[in-house]
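Scroll down for the structure; my scribbles are underneath it.
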Amino acid sequence: MILNNRDKLREECGVFGIFTHGSCDVVPEVYHALHALQHRGQESCGMALSDDGVITGFKDTGLVDEVFTPGRVKKIGQGQMAIGHCRYGTYGGHTRENAQPLVVRHIKGGMALCFNGNLTNTDELREELELSGAIFHSQSDIEVIAYVITRERLTAPSIQEAVSRAMDRLRGAYSLLIMSPRKLIAVRDPFGFRPLSLGRRGDEYLAASETCAFDILGARFLREIRPGEILTISDKGLESNTSHCQEETALCVFEFIYFARPDSVVEGSGVHTARKRAGAFLASARPAEADVVIGVPDSGLDAALGFAEKSGIPYGVGFIKSKYIARTFIKPTQAERENALRIKLSVISDTVRDKRVVLVDDSIVRGTTSARIVRLLREAGAREVHMRLSSPPFLYPCYFGTDIDSAEHLIANNHSVEDIRALIGADSLGYLPAEALHKLAENSGCGFCDACFTGRYPVAPPANTEFSKFDRRIHNGSK
């Protein structure tokens with residue numbers, strides 16, 4: 001992300017959980033795992049700990065280093081289980097109340113929950129719960145999920161069965177971790193929109209949004225949590241409930257293009273390799289005559305390398321990204337936004353001066369940042385700038401956990417490719433063909449959601465959304 005001016009997609013969050021045998025110091029493990037997942041959310045973070053069945057939690061707004069200072073980490077204590085969360089909220093305000101995990105006290109036992117995703121029937125469930133007496137303290141979907149599970153728990157024989165019954169009522173995207181006093185439960189929605197993996201280190205089990213969290217802890221990746229699976233980890237070992245699994249799956253394809261870390265493996269495919277493949281497909285479909293290929297840090301770099309290798313045009317390092325600005329931020333005036341970009345991203349003029357440059361980035365959402373980057377290259381002496389995107393044009397809103405919430409904010413929905421080229425000041429502009437999307441992750445056996453590019457939604461969008469402005473015939477409930 002270059003600037004928080006909403007010109008880049010942002011993901012909702014990252015989750016992590018660890019189950020050990022006996023009380024131990026799991027807090028540093030969660031801390032390091034959240035560091036590895038920080039790219040998935042920078043608004044708030046938190047962790048919850050179970051020590052002999054007693055669940056406590058701490059959360060706040062800010063980055064992991066800001067919330068979990070050395071003094072705070074020492075005070076949290078020890079336990080045999082813990083879950084952690086880092087959040088970028090597509091719904092709900094930037095407040096401590098909306099941070100996760102959510103710790104719930106209940107007559108059937110306490111629990112803590114955190115998730116990655118977005119429900120499409122939140123409003124419907126929330127209204128039903130409020131009319132029956134529920135009082136909400138946040139705007140987050142996780143509180144709705146917690147209410148649904150706890151109400152099912154009143155009659156269900158186990159927490160796993162309560163979760164299973166709750167899944168019958170939840171619609172949309174959710175990769176969910178639930179910690180009861182004695183169990184850690186990992187859940188994915190039946191379509192598997194968001195990733196969730198299982199790892200192991202010795203006799204400890206771990207669950208995380210991405211495998212990079214396992215790597216940082218020296219853990220071994222075991223497998224993906226299956227879409228629709230309820231995986232329970234306890235002293236008895238692993239127990240899998242697959243009653244909600246289905247044939248059709250729809251992992252968000254943008255995990256491979258932008259969201260996930262390059263060193264992660266998602267559904268059997270390495271993210272770095274998938275991005276290089278995107279660049280190679282792009283070079284074949286949208287070639288350019290140029291002297292050098294450069295990528296926009298960070299997610300454009302791998303695609304640029306793939307473009308260079310396929311095209312035979314030399315790859316160059318065109319930008320230096322500052323390591324010392326911890327947060328993205330909003331600036332109110334054009335001059336301040338320009339200065340902010342120069343602080344965060346600097347051009348290596350020797351790479352681009354007097355050259356025809358292929359500039360590779362992952363996407364264009366609103367176009368403002370792309371225009372500034374093209375301007376920086378021209379000011380550094382680039383003779384031509386040919387922009388290439390490792391994704392197709394964004395045409396439709398997303399309802400499953402990213403912040404493409406309105407078509408009016410999407411430049412490609414309102415302008416032709418030629419219009420966009422002129423607006424950003426490039427000499428040419430080329431997008432990844434939509435038909436290449438499902439070829440990026442060659443080792444993945446899952447289906448993909450590409451609704452933001454094609455309008456084909458695996459799950460019906462929420463009622464009363466601006467989806468009604470589009471031709472509803474494009475939605476038929478399947479890919």
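We label chains A, B, ... in the order they appear in the structure tokens, count residues from 1 in each chain, and number ligands from 1 in the order shown.
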Would you give me, as a PyMOL selection string, the residues in region 215-394 of chain A that DSSP reads as strand (DSSP E or B)?
chain A and resi 220-224+230-234+237-241+251-252+265-266+269-270+292-295+315+319-321+345-347+356-361+384-389
List the neighbours of Val30 (chain A) out to 9 Å using only C-alpha atoms; skip same-chain residues closer than 2 positions along the sequence, and give me the result as number ranges by chain.
A: 16-18, 26-28, 32-35, 47, 82-85
For the residues selected in the previous step, produce a file with C-alpha atoms as a PDB file, in the first residue's frame.
ATOM      1  CA  PHE A  16      -3.688 -16.805  14.142  1.00  0.00           C
ATOM      2  CA  GLY A  17      -4.219 -19.457  16.803  1.00  0.00           C
ATOM      3  CA  ILE A  18      -2.014 -21.832  18.766  1.00  0.00           C
ATOM      4  CA  VAL A  26       2.377 -18.654  23.980  1.00  0.00           C
ATOM      5  CA  VAL A  27       2.039 -14.851  23.976  1.00  0.00           C
ATOM      6  CA  PRO A  28       5.366 -14.193  22.189  1.00  0.00           C
ATOM      7  CA  HIS A  32       5.520 -12.855  16.175  1.00  0.00           C
ATOM      8  CA  ALA A  33       2.768 -14.474  14.093  1.00  0.00           C
ATOM      9  CA  LEU A  34       0.799 -11.225  14.015  1.00  0.00           C
ATOM     10  CA  HIS A  35       3.942  -9.456  12.856  1.00  0.00           C
ATOM     11  CA  MET A  47      -4.918 -11.471  21.322  1.00  0.00           C
ATOM     12  CA  ALA A  82      -4.220 -18.252  22.357  1.00  0.00           C
ATOM     13  CA  ILE A  83      -5.641 -16.541  19.302  1.00  0.00           C
ATOM     14  CA  GLY A  84      -4.598 -13.260  17.695  1.00  0.00           C
ATOM     15  CA  HIS A  85      -5.916 -10.847  15.122  1.00  0.00           C
TER      16      HIS A  85
END
So which residues touch Asp235 (chain A) within 12 Å, counting only C-alpha atoms, skipping near sequence neighbours fewer than 6 positions away, as an MDAnalysis selection string?
chainID A and resid 19:22 80:81 181:184 203:205
Find the spatial neighbours of Asp141 (chain A), counting only C-alpha atoms, within a cut-off of 12 Å - ignore same-chain residues fewer than 6 positions away - and output them as a PyMOL selection string.
chain A and resi 12+89-93+97-102+113-126+147-148+170-174+176+400-401
Leaving out Ala250 (chain A) and any residue of its chain fewer than 4 positions from it, which residues lie within 12 Å of it when counting only C-alpha atoms, given as a PyMOL selection string?
chain A and resi 172-173+188-195+226-228+246+254-255+267+400+438+444-451+456-459+477-479
Find the residues near region 288-293 of chain A: any atom within 8 Å, counting only C-alpha atoms, skip ones fewer than 5 places away on the same chain, and give them as a count of residues only.
18
Among the residues A:Ser197, A:Thr242, A:Thr61, A:Gln78, the one that comes closest to Arg223 (chain A) [using only C-alpha atoms]
A:Ser197
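The gap separating CA of Gly367 (chain A) from CA of Asp427 (chain A) is 15.0 Å, in Å to one decimal.
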Give me the residues of region 231-257 of chain A that have any atom at most 9 Å from an atom of region 161-169 of chain A; for each, the nearest atom pair and the distance in Å, rounded to one decimal. Use only C-alpha atoms, sort by chain and number, and format it as a Markdown table.
| residue | atom | partner | partner_atom | distance |
| --- | --- | --- | --- | --- |
| A:Asn241 | CA | A:Ser164 | CA | 8.4 |
| A:Ser243 | CA | A:Ser164 | CA | 8.3 |
| A:His244 | CA | A:Ser164 | CA | 7.9 |
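Our summary of the geometry notes that CA of Ile320 (chain A) is positioned 16.1 Å from CA of Ser370 (chain A).
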Enumerate, as a VMD selection string, the complete set of residues in region 138-214 of chain A that a backbone-based DSSP assignment places in helix (DSSP H, G or I).
chain A and resid 141 to 153 159 to 167 212 to 214
